[in-house]
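Source file: start.csv; contents: CSV, C-alpha atoms and all ligand atoms.
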chain,number,residue,atom,x,y,z
A,1160,MET,CA,57.5,-35.8,-81.0
A,1161,GLY,CA,57.1,-32.0,-80.8
A,1162,PHE,CA,56.3,-30.2,-77.5
A,1163,LEU,CA,52.6,-29.8,-78.3
A,1164,ALA,CA,52.2,-33.4,-79.3
A,1165,THR,CA,54.0,-34.7,-76.1
A,1166,THR,CA,51.9,-32.4,-73.9
A,1167,GLY,CA,48.7,-33.5,-75.7
A,1168,ALA,CA,49.7,-37.2,-75.2
A,1169,PHE,CA,50.3,-36.7,-71.5
A,1170,ALA,CA,47.0,-34.8,-71.1
A,1171,LEU,CA,45.1,-37.6,-72.9
A,1172,VAL,CA,46.7,-40.3,-70.6
A,1173,TYR,CA,45.8,-38.2,-67.5
A,1174,VAL,CA,42.2,-37.7,-68.6
A,1175,ALA,CA,41.9,-41.4,-69.5
A,1176,ALA,CA,43.3,-42.5,-66.1
A,1177,ARG,CA,41.0,-40.2,-64.2
A,1178,LEU,CA,38.0,-41.4,-66.1
A,1179,ALA,CA,38.9,-45.0,-65.7
A,1180,ALA,CA,39.3,-44.5,-61.9
A,1181,PHE,CA,36.0,-42.6,-61.8
A,1182,PHE,CA,34.1,-45.4,-63.6
A,1183,TYR,CA,35.7,-48.1,-61.6
A,1184,ARG,CA,34.6,-46.4,-58.4
A,1185,LEU,CA,31.1,-45.7,-59.8
A,1186,LEU,CA,30.5,-49.3,-60.8
A,1187,CYS,CA,32.6,-51.1,-58.2
A,1188,PRO,CA,32.7,-54.5,-59.9
A,1189,VAL,CA,34.2,-56.3,-56.9
A,1190,LYS,CA,31.6,-57.2,-54.2
A,1191,LEU,CA,32.8,-58.9,-51.0
A,1192,ASN,CA,31.1,-61.2,-48.5
A,1193,ILE,CA,31.5,-59.1,-45.4
A,1194,LYS,CA,30.9,-62.1,-43.1
A,1195,LYS,CA,34.4,-63.4,-44.0
A,1196,PHE,CA,36.1,-60.7,-41.9
A,1197,GLY,CA,35.1,-62.0,-38.5
A,1198,GLU,CA,32.3,-62.5,-36.0
A,1199,TRP,CA,31.8,-59.0,-34.6
A,1200,ALA,CA,31.4,-55.5,-36.0
A,1201,ILE,CA,32.0,-52.3,-34.0
A,1202,VAL,CA,30.1,-49.2,-35.1
A,1203,THR,CA,30.8,-45.9,-33.3
A,1204,GLY,CA,28.1,-43.2,-33.3
A,1205,SER,CA,25.5,-46.0,-33.9
A,1206,THR,CA,22.3,-44.6,-32.4
A,1207,ASP,CA,21.4,-42.3,-35.3
A,1208,GLY,CA,21.9,-41.6,-39.0
A,1209,ILE,CA,24.6,-43.4,-40.9
A,1210,GLY,CA,26.0,-45.3,-37.9
A,1211,ARG,CA,22.7,-46.7,-36.9
A,1212,ALA,CA,22.0,-47.8,-40.5
A,1213,TYR,CA,25.4,-49.5,-40.6
A,1214,ALA,CA,24.7,-51.4,-37.3
A,1215,ILE,CA,21.3,-52.5,-38.6
A,1216,GLU,CA,22.5,-53.6,-42.1
A,1217,LEU,CA,25.6,-55.4,-40.7
A,1218,ALA,CA,23.4,-57.3,-38.3
A,1219,LYS,CA,21.0,-58.2,-41.2
A,1220,ARG,CA,24.1,-59.6,-43.0
A,1221,GLY,CA,24.8,-61.9,-40.0
A,1222,LEU,CA,27.4,-60.0,-37.9
A,1223,ASN,CA,27.2,-59.6,-34.1
A,1224,ILE,CA,27.3,-55.9,-33.3
A,1225,ILE,CA,29.0,-53.7,-30.7
A,1226,LEU,CA,27.2,-50.4,-30.6
A,1227,ILE,CA,29.2,-47.4,-29.2
A,1228,SER,CA,27.5,-44.1,-28.6
A,1229,ARG,CA,26.8,-41.4,-26.0
A,1230,THR,CA,23.3,-42.1,-24.9
A,1231,LYS,CA,22.5,-45.3,-23.0
A,1232,GLU,CA,18.7,-45.3,-23.7
A,1233,LYS,CA,19.2,-44.8,-27.4
A,1234,LEU,CA,21.8,-47.6,-27.4
A,1235,GLU,CA,19.3,-49.9,-25.7
A,1236,GLN,CA,16.6,-48.9,-28.2
A,1237,VAL,CA,18.8,-49.7,-31.3
A,1238,ALA,CA,20.0,-53.0,-29.7
A,1239,LYS,CA,16.4,-54.0,-29.1
A,1240,GLU,CA,15.5,-53.1,-32.7
A,1241,ILE,CA,18.3,-55.3,-34.0
A,1242,ASN,CA,17.4,-58.2,-31.8
A,1243,GLU,CA,13.8,-58.1,-32.8
A,1244,LYS,CA,14.7,-58.4,-36.5
A,1245,ASN,CA,17.7,-60.8,-36.1
A,1246,SER,CA,17.2,-63.2,-33.1
A,1247,ASP,CA,20.4,-65.1,-33.8
A,1248,VAL,CA,22.6,-61.9,-33.6
A,1249,HIS,CA,24.4,-60.8,-30.4
A,1250,VAL,CA,24.4,-57.1,-29.6
A,1251,LYS,CA,26.7,-55.4,-27.0
A,1252,THR,CA,26.4,-51.7,-26.1
A,1253,ILE,CA,29.1,-49.4,-24.8
A,1254,ALA,CA,28.1,-45.9,-23.6
A,1255,VAL,CA,30.9,-43.4,-24.0
A,1256,ASP,CA,31.3,-39.8,-25.0
A,1257,PHE,CA,34.0,-39.3,-27.6
A,1258,THR,CA,34.5,-35.7,-26.6
A,1259,LYS,CA,35.9,-36.9,-23.2
A,1260,ASP,CA,39.5,-37.7,-22.5
A,1261,SER,CA,41.4,-40.8,-23.7
A,1262,SER,CA,40.4,-42.9,-20.7
A,1263,ILE,CA,37.3,-43.9,-22.7
A,1264,TYR,CA,39.5,-46.1,-24.8
A,1265,THR,CA,40.5,-48.1,-21.8
A,1266,THR,CA,36.8,-48.7,-21.1
A,1267,ILE,CA,36.2,-49.8,-24.7
A,1268,ARG,CA,39.3,-52.1,-24.7
A,1269,GLU,CA,38.0,-53.8,-21.5
A,1270,GLU,CA,34.5,-54.2,-22.9
A,1271,ILE,CA,35.6,-55.9,-26.1
A,1272,ARG,CA,38.4,-58.1,-24.7
A,1273,GLY,CA,38.4,-61.5,-26.3
A,1274,LEU,CA,35.9,-60.8,-29.1
A,1275,ASP,CA,36.8,-61.6,-32.7
A,1276,ILE,CA,36.4,-58.1,-34.3
A,1277,GLY,CA,36.1,-58.4,-38.0
A,1278,ILE,CA,34.8,-55.0,-38.9
A,1279,LEU,CA,35.3,-51.5,-37.4
A,1280,VAL,CA,33.2,-48.6,-38.6
A,1281,ASN,CA,34.7,-45.4,-37.3
A,1282,ASN,CA,31.6,-43.3,-37.9
A,1283,VAL,CA,31.1,-41.0,-34.9
A,1284,GLY,CA,31.4,-37.3,-35.9
A,1285,MET,CA,30.2,-33.9,-35.1
A,1286,SER,CA,30.0,-30.6,-37.0
A,1287,TYR,CA,29.3,-26.9,-36.4
A,1288,GLU,CA,25.9,-25.8,-35.2
A,1289,TYR,CA,25.8,-23.7,-38.4
A,1290,PRO,CA,28.4,-22.6,-40.9
A,1291,GLU,CA,30.6,-19.8,-39.5
A,1292,LEU,CA,34.0,-18.0,-39.9
A,1293,PHE,CA,36.5,-19.8,-37.7
A,1294,ASP,CA,37.4,-16.6,-35.8
A,1295,LYS,CA,33.7,-15.9,-35.1
A,1296,VAL,CA,32.7,-19.3,-33.8
A,1297,GLU,CA,31.2,-19.1,-30.3
A,1298,ASP,CA,33.2,-20.8,-27.5
A,1299,SER,CA,35.7,-21.9,-30.2
A,1300,ALA,CA,38.3,-23.4,-27.8
A,1301,LYS,CA,35.6,-25.9,-26.7
A,1302,LEU,CA,34.6,-26.6,-30.2
A,1303,VAL,CA,38.2,-27.2,-31.2
A,1304,GLN,CA,38.7,-29.7,-28.4
A,1305,ASN,CA,35.4,-31.5,-28.9
A,1306,MET,CA,35.6,-31.8,-32.6
A,1307,ILE,CA,39.2,-33.0,-32.7
A,1308,ARG,CA,38.5,-35.6,-30.0
A,1309,CYS,CA,35.3,-36.7,-31.7
A,1310,ASN,CA,36.3,-36.7,-35.3
A,1311,VAL,CA,40.1,-37.2,-35.3
A,1312,ASP,CA,41.1,-38.9,-32.0
A,1313,SER,CA,38.3,-41.5,-32.2
A,1314,VAL,CA,39.4,-42.7,-35.6
A,1315,ALA,CA,43.1,-42.8,-34.6
A,1316,TYR,CA,42.7,-44.4,-31.2
A,1317,MET,CA,40.0,-47.0,-32.3
A,1318,THR,CA,42.2,-48.0,-35.3
A,1319,GLN,CA,45.3,-48.2,-33.0
A,1320,MET,CA,43.3,-50.5,-30.7
A,1321,ILE,CA,41.8,-52.8,-33.3
A,1322,LEU,CA,44.2,-53.0,-36.3
A,1323,PRO,CA,47.1,-55.0,-34.7
A,1324,ASP,CA,44.7,-58.0,-34.0
A,1325,MET,CA,43.3,-57.8,-37.5
A,1326,LEU,CA,46.8,-57.8,-39.0
A,1327,GLN,CA,47.8,-60.8,-36.8
A,1328,LYS,CA,44.7,-62.7,-38.1
A,1329,ARG,CA,45.3,-61.4,-41.7
A,1330,ARG,CA,41.6,-60.5,-42.0
A,1331,GLY,CA,39.5,-57.4,-41.2
A,1332,LEU,CA,37.9,-54.3,-42.5
A,1333,ILE,CA,38.1,-50.8,-41.2
A,1334,VAL,CA,35.7,-48.2,-42.6
A,1335,ASN,CA,36.6,-44.6,-41.6
A,1336,VAL,CA,33.8,-42.2,-42.3
A,1337,SER,CA,35.3,-38.9,-43.7
A,1338,SER,CA,33.2,-36.7,-46.0
A,1339,VAL,CA,33.4,-34.9,-49.3
A,1340,SER,CA,34.1,-31.9,-47.1
A,1341,GLY,CA,37.5,-33.6,-46.3
A,1342,ARG,CA,38.4,-33.8,-50.0
A,1343,ARG,CA,38.9,-30.0,-50.5
A,1344,PRO,CA,38.6,-26.8,-48.6
A,1345,VAL,CA,35.2,-25.9,-47.1
A,1346,PRO,CA,35.3,-22.2,-46.0
A,1347,LEU,CA,32.8,-21.6,-43.1
A,1348,LEU,CA,33.2,-25.2,-42.0
A,1349,GLY,CA,37.0,-25.0,-41.8
A,1350,LEU,CA,37.6,-27.1,-38.7
A,1351,TYR,CA,35.1,-29.8,-39.8
A,1352,SER,CA,36.7,-29.9,-43.2
A,1353,GLY,CA,40.2,-30.2,-41.6
A,1354,THR,CA,39.2,-33.1,-39.3
A,1355,LYS,CA,37.6,-35.0,-42.2
A,1356,GLY,CA,40.7,-34.3,-44.3
A,1357,PHE,CA,42.7,-36.0,-41.6
A,1358,VAL,CA,40.4,-39.1,-41.7
A,1359,ASP,CA,40.7,-39.3,-45.5
A,1360,LEU,CA,44.5,-39.1,-45.7
A,1361,PHE,CA,45.0,-41.3,-42.6
A,1362,SER,CA,42.8,-44.0,-44.0
A,1363,ARG,CA,44.3,-43.9,-47.5
A,1364,SER,CA,47.8,-44.1,-46.1
A,1365,LEU,CA,46.9,-47.1,-43.9
A,1366,ALA,CA,45.1,-48.7,-46.8
A,1367,ALA,CA,48.3,-48.7,-48.7
A,1368,GLU,CA,50.3,-50.0,-45.7
A,1369,CYS,CA,47.8,-52.9,-45.2
A,1370,ALA,CA,47.0,-53.7,-48.9
A,1371,THR,CA,49.1,-56.9,-48.9
A,1372,ARG,CA,48.6,-57.8,-45.2
A,1373,GLY,CA,45.0,-59.1,-45.4
A,1374,VAL,CA,43.2,-56.0,-43.9
A,1375,LEU,CA,41.1,-53.6,-45.9
A,1376,ILE,CA,41.0,-49.9,-44.8
A,1377,GLN,CA,38.5,-47.7,-46.5
A,1378,SER,CA,38.2,-43.9,-46.6
A,1379,LEU,CA,34.4,-43.3,-47.0
A,1380,CYS,CA,33.7,-39.7,-48.1
A,1381,PRO,CA,29.9,-39.2,-48.4
A,1382,GLY,CA,28.1,-36.2,-49.7
A,1383,PHE,CA,24.8,-35.2,-48.1
A,1384,VAL,CA,22.8,-37.9,-46.3
A,1385,VAL,CA,19.5,-37.3,-44.5
A,1386,SER,CA,20.4,-37.0,-40.8
A,1387,LYS,CA,20.5,-34.8,-37.7
A,1388,LEU,CA,24.1,-33.7,-38.4
A,1389,SER,CA,23.4,-32.6,-42.0
A,1390,GLY,CA,20.0,-31.0,-41.1
A,1391,ILE,CA,18.5,-32.6,-44.2
A,1392,ARG,CA,15.1,-34.1,-43.4
A,1393,LYS,CA,13.9,-35.3,-46.9
A,1394,SER,CA,15.7,-37.6,-49.2
A,1395,SER,CA,16.5,-36.6,-52.8
A,1396,LEU,CA,18.7,-37.7,-55.7
A,1397,PHE,CA,21.8,-36.3,-54.1
A,1398,SER,CA,20.7,-36.8,-50.4
A,1399,PRO,CA,19.8,-40.5,-49.8
A,1400,THR,CA,18.4,-41.8,-46.6
A,1401,PRO,CA,21.1,-43.4,-44.3
A,1402,GLU,CA,19.6,-46.8,-45.1
A,1403,GLN,CA,19.9,-46.3,-48.9
A,1404,PHE,CA,23.4,-44.9,-48.4
A,1405,VAL,CA,24.7,-47.7,-46.2
A,1406,ARG,CA,23.3,-50.5,-48.4
A,1407,SER,CA,25.3,-49.0,-51.3
A,1408,ALA,CA,28.4,-48.2,-49.2
A,1409,ILE,CA,28.6,-51.8,-47.9
A,1410,ASP,CA,28.6,-53.1,-51.5
A,1411,ARG,CA,31.7,-50.9,-52.1
A,1412,VAL,CA,34.0,-52.0,-49.2
A,1413,SER,CA,36.5,-53.4,-51.7
A,1414,LEU,CA,37.4,-49.8,-52.6
A,1415,PRO,CA,40.1,-48.0,-50.5
A,1416,PHE,CA,38.5,-44.7,-51.3
A,1417,THR,CA,34.8,-44.1,-52.2
A,1418,THR,CA,32.0,-41.6,-51.6
A,1419,GLY,CA,29.9,-44.8,-51.1
A,1420,TYR,CA,27.0,-43.7,-53.3
A,1421,TRP,CA,26.7,-43.3,-57.1
A,1422,ALA,CA,25.3,-39.7,-57.0
A,1423,HIS,CA,28.0,-38.6,-54.5
A,1424,GLU,CA,30.6,-40.1,-56.9
A,1425,LEU,CA,29.3,-37.9,-59.7
A,1426,GLN,CA,29.2,-34.9,-57.3
A,1427,ASP,CA,32.8,-35.5,-56.1
A,1428,PHE,CA,34.1,-35.9,-59.7
A,1429,GLY,CA,32.4,-32.7,-60.8
A,1430,GLN,CA,33.8,-30.7,-57.8
A,1431,SER,CA,37.3,-32.1,-58.5
A,1432,LEU,CA,37.2,-30.4,-61.9
A,1433,LEU,CA,36.7,-26.9,-60.4
A,1434,PRO,CA,39.7,-24.8,-59.5
A,1435,ASP,CA,40.0,-24.1,-55.7
A,1436,PHE,CA,39.3,-20.3,-56.0
A,1437,LEU,CA,36.0,-21.0,-57.8
A,1438,SER,CA,35.0,-23.9,-55.5
A,1439,ASN,CA,35.8,-21.7,-52.5
A,1440,LYS,CA,33.7,-18.8,-53.8
A,1441,LEU,CA,30.7,-21.0,-54.5
A,1442,THR,CA,31.0,-22.7,-51.1
A,1443,MET,CA,31.2,-19.3,-49.4
A,1444,LEU,CA,28.1,-18.2,-51.3
A,1445,VAL,CA,26.0,-21.3,-50.5
A,1446,LEU,CA,27.1,-21.8,-46.9
A,1447,GLY,CA,26.9,-18.0,-46.3
A,1448,GLY,CA,23.2,-18.4,-47.2
A,1449,VAL,CA,22.8,-21.3,-44.8
A,1450,ARG,CA,24.6,-19.2,-42.1
A,1451,ALA,CA,22.3,-16.2,-42.6
A,1452,LYS,CA,19.2,-18.4,-42.4
A,1453,ALA,CA,20.4,-20.1,-39.2
A,1454,LEU,CA,21.2,-16.7,-37.5
A,1455,LYS,CA,17.8,-15.3,-38.5
A,1456,LYS,CA,16.1,-18.3,-37.1
A,1457,ARG,CA,18.1,-18.0,-33.9
A,1458,ASN,CA,17.5,-14.3,-33.5
A,1459,LYS,CA,13.7,-14.8,-34.0
A,1460,GLY,CA,13.8,-17.5,-31.2
A,1461,GLN,CA,15.4,-15.1,-28.7
A,1501,LIG,N1,25.0,-36.8,-42.9
A,1501,LIG,C1,25.8,-36.3,-43.8
A,1501,LIG,O1,25.3,-35.6,-44.7
A,1501,LIG,C2,27.2,-36.7,-43.7
A,1501,LIG,C3,28.0,-36.4,-44.9
A,1501,LIG,C4,29.3,-36.7,-44.9
A,1501,LIG,C5,29.9,-37.3,-43.8
A,1501,LIG,N2,29.1,-37.5,-42.7
A,1501,LIG,C6,29.8,-38.2,-41.5
A,1501,LIG,O2,29.1,-39.3,-41.2
A,1501,LIG,C7,29.2,-39.6,-39.8
A,1501,LIG,C8,27.8,-39.8,-39.2
A,1501,LIG,O3,27.0,-38.6,-39.4
A,1501,LIG,P1,25.4,-38.6,-39.3
A,1501,LIG,O4,25.0,-37.6,-40.2
A,1501,LIG,O5,24.9,-40.0,-39.4
A,1501,LIG,O6,25.3,-38.0,-37.8
A,1501,LIG,P2,24.0,-38.1,-36.8
A,1501,LIG,O7,22.8,-38.5,-37.4
A,1501,LIG,O8,24.0,-36.8,-36.1
A,1501,LIG,O9,24.5,-39.3,-35.8
A,1501,LIG,C9,25.6,-39.1,-35.0
A,1501,LIG,C10,25.8,-40.3,-34.1
A,1501,LIG,O10,27.0,-40.2,-33.3
A,1501,LIG,C11,26.7,-40.2,-32.0
A,1501,LIG,N3,27.5,-39.2,-31.3
A,1501,LIG,C12,27.6,-37.9,-31.6
A,1501,LIG,N4,28.5,-37.3,-30.8
A,1501,LIG,C13,29.0,-38.2,-30.0
A,1501,LIG,C14,29.9,-38.2,-28.9
A,1501,LIG,N5,30.5,-37.1,-28.5
A,1501,LIG,N6,30.2,-39.4,-28.3
A,1501,LIG,C15,29.6,-40.5,-28.7
A,1501,LIG,N7,28.7,-40.6,-29.7
A,1501,LIG,C16,28.4,-39.5,-30.3
A,1501,LIG,C17,25.3,-39.8,-31.8
A,1501,LIG,O11,24.8,-40.3,-30.6
A,1501,LIG,P3,23.7,-39.6,-29.7
A,1501,LIG,O12,22.4,-40.1,-30.4
A,1501,LIG,O13,23.8,-40.0,-28.4
A,1501,LIG,O14,23.8,-38.1,-30.0
A,1501,LIG,C18,24.7,-40.5,-33.1
A,1501,LIG,O15,24.5,-41.9,-32.8
A,1501,LIG,C19,29.9,-38.4,-39.2
A,1501,LIG,O16,31.3,-38.7,-39.0
A,1501,LIG,C20,29.8,-37.3,-40.3
A,1501,LIG,O17,30.8,-36.4,-40.2
A,1501,LIG,C21,27.8,-37.2,-42.6

Structure re-expressed in structure tokens:
Amino acid sequence: MGFLATTGAFALVYVAARLAAFFYRLLCPVKLNIKKFGEWAIVTGSTDGIGRAYAIELAKRGLNIILISRTKEKLEQVAKEINEKNSDVHVKTIAVDFTKDSSIYTTIREEIRGLDIGILVNNVGMSYEYPELFDKVEDSAKLVQNMIRCNVDSVAYMTQMILPDMLQKRRGLIVNVSSVSGRRPVPLLGLYSGTKGFVDLFSRSLAAECATRGVLIQSLCPGFVVSKLSGIRKSSLFSPTPEQFVRSAIDRVSLPFTTGYWAHELQDFGQSLLPDFLSNKLTMLVLGGVRAKALKKRNKGQ
């Protein structure tokens, strides 16, 4: 075979493999009964947005729930809501702030001692107040500490706490909430993108380590979802509500990597076709606009 024909054959195989992986993820033919993993599910950052929707949906599907978040009153409110709709489900709440030092993990360990944890959803996360150049972020040392503790440490420490028992029982599911922003560079949200990149690679590495040992680990990389963090108030084709998003994501837990939602899968595939320089330019343009708007609003308020 000549050089051109060989190159063409390799290119065809590559394109076919990428398309096959894309369609498999889009359609996700393997649906799992999530009750088989164990009696209790832990959800971090569970009083709002995606985490709250996970807690409510997992309870609906028959799991007892451990809610972990910062604000006690909001935790009690979500627990009440779950109990009103599912009287046979037990709910436990743990109020901790994931930006604090690692002693919070001793508290969590004590609170969950003896419980059969089948599912862990590492959802808690924070982002910038508005997109900004890293060197121009206000109080950047604090942001670095808080964001790494909240977005990175929480995933690593919670997994380190829960995974050994799951492996011993040879059953369990860990969903680590990354983001499409963790899949490629996001200028003006550099630190956020970096923390989510950690979550994605950490999860996919562990997924490979655990594949034959009975425990599923998933890197979940959503696009925009309506929430406080995203600042998106109204749902649309590419920005589902947390409830729509989570119903779809739970049906995709068999996948070690997924965006969780069909429209985000299309978006991620499209973005992966762009060369970095173009993707970076577009992101700078779009997020630069968001930054300008946020600054204008802030200056008006002063
Ligand atoms: N929404 C999106 O478009 C989107 C896209 C991709 C990825 N994600 C990821 O999805 C996850 C959830 O995001 P979301 O949009 O649902 O956020 P959200 O609506 O702002 O909710 C965040 C939740 O985390 C809790 N929380 C925040 N900081 C905390 C801390 N320091 N300690 C303890 N709890 C804390 C909040 O509790 P309080 O109520 O007490 O503040 C709340 O329950 C994040 O990891 C985010 O990066 C979101």

- request: Please identify the residues whose atoms come within 6 Å of ligand LIG 1501 (chain A), using all atoms listed in the file, and report them as a PyMOL selection string.
  value: chain A and resi 1204-1210+1228-1230+1255-1258+1282-1285+1309+1336-1338+1381-1389

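The coordinates place CA of Phe1428 (chain A) at 18.9 Å from CA of Ser1395 (chain A).
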
- request: Quote the spacing between CA of Val1174 (chain A) and CA of Leu1186 (chain A) in Å to one decimal place.
  value: 18.2 Å

message: Here is a test: counting all atoms listed in the file, which residue of A:Lys1190, A:Lys1456, A:Arg1406, A:Lys1259 is nearest to Arg1308 (chain A)?
response: A:Lys1259

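You will find CA of Leu1348 (chain A) at 12.7 Å from CA of Leu1444 (chain A).
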
query: So which one's closest to Phe1436 (chain A), A:Arg1329, A:Lys1455, A:Arg1211, A:Arg1343? Using all atoms listed in the file, please.
result: A:Arg1343

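Every polymer residue reaching to within 9 Å of (28.1, -53.8, -40.3), counting only C-alpha atoms, appears in this list: Ile1193, Trp1199, Ala1200, Ile1201, Val1202, Ala1212, Tyr1213, Ala1214, Ile1215, Glu1216, Leu1217, Ala1218, Lys1219, Arg1220, Gly1221, Leu1222, Asn1223, Ile1224, Ile1278, Leu1279, Val1280 and Ile1409 of chain A.
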
Grab the residues selected above and save them as a short mmCIF file (atom, residue, chain, number, x, y, z; two decimals), keeping the file's coordinate frame with C-alpha atoms.
data_model
loop_
_atom_site.label_atom_id
_atom_site.label_comp_id
_atom_site.auth_asym_id
_atom_site.auth_seq_id
_atom_site.Cartn_x
_atom_site.Cartn_y
_atom_site.Cartn_z
CA ILE A 1193 31.50 -59.10 -45.40
CA TRP A 1199 31.80 -59.00 -34.60
CA ALA A 1200 31.40 -55.50 -36.00
CA ILE A 1201 32.00 -52.30 -34.00
CA VAL A 1202 30.10 -49.20 -35.10
CA ALA A 1212 22.00 -47.80 -40.50
CA TYR A 1213 25.40 -49.50 -40.60
CA ALA A 1214 24.70 -51.40 -37.30
CA ILE A 1215 21.30 -52.50 -38.60
CA GLU A 1216 22.50 -53.60 -42.10
CA LEU A 1217 25.60 -55.40 -40.70
CA ALA A 1218 23.40 -57.30 -38.30
CA LYS A 1219 21.00 -58.20 -41.20
CA ARG A 1220 24.10 -59.60 -43.00
CA GLY A 1221 24.80 -61.90 -40.00
CA LEU A 1222 27.40 -60.00 -37.90
CA ASN A 1223 27.20 -59.60 -34.10
CA ILE A 1224 27.30 -55.90 -33.30
CA ILE A 1278 34.80 -55.00 -38.90
CA LEU A 1279 35.30 -51.50 -37.40
CA VAL A 1280 33.20 -48.60 -38.60
CA ILE A 1409 28.60 -51.80 -47.90
#

message: Calculated over all atoms listed in the file, which of the candidates A:Ser1378, A:Ser1262, A:Asn1458, A:Gln1319 has the smallest distance to Leu1414 (chain A)?
response: A:Ser1378

message: Using all atoms listed in the file, can you tell me which of A:Val1374, A:Leu1446, A:Met1306, A:Ala1367 comes closest to Gln1327 (chain A)?
response: A:Val1374

I'd like the neighbourhood of Val1314 (chain A) as an mmCIF file with C-alpha atoms, keeping the file's coordinate frame, where a residue qualifies if any of its atoms comes within 8 Å (using all atoms listed in the file), though same-chain residues fewer than 5 positions away should be ignored.
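Saved result, part-v1.cif, follows:
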data_model
loop_
_atom_site.group_PDB
_atom_site.id
_atom_site.type_symbol
_atom_site.label_atom_id
_atom_site.label_comp_id
_atom_site.auth_asym_id
_atom_site.auth_seq_id
_atom_site.Cartn_x
_atom_site.Cartn_y
_atom_site.Cartn_z
ATOM 1 C CA ASN A 1281 34.700 -45.400 -37.300
ATOM 2 C CA ASN A 1335 36.600 -44.600 -41.600
ATOM 3 C CA VAL A 1358 40.400 -39.100 -41.700
#

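Using only C-alpha atoms, the shortest contact distance between Phe1397 (chain A) and any of A:Arg1330, A:His1423, A:Arg1457, A:Arg1272 is found at A:His1423.
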
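Of the residues under consideration (A:Arg1450, A:Arg1411, A:Lys1440, A:Lys1328), A:Arg1411 shows the shortest atom-to-atom contact distance to Cys1187 (chain A) when counting all atoms listed in the file.
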
- request: Find the spatial neighbours of Ser1261 (chain A), counting all atoms listed in the file, within a cut-off of 10 Å - ignore same-chain residues fewer than 4 positions away - and output them as number ranges by chain.
  value: A: 1257, 1265-1266, 1308, 1312-1313, 1316

message: At a cut-off of 9 Å, using only C-alpha atoms, what residues contact Met1320 (chain A)? Leave out same-chain residues fewer than 5 positions from it and give the result as a list of chain:residue names.
response: A:Tyr1264, A:Arg1268, A:Ala1315

- request: Find the residues near Cys1380 (chain A): any atom within 12 Å, counting only C-alpha atoms, skip ones fewer than 6 places away on the same chain, and give them as a PyMOL selection string.
  value: chain A and resi 1282+1334-1343+1352+1355-1360+1362-1363+1404+1408+1414-1421+1423-1424+1426-1427
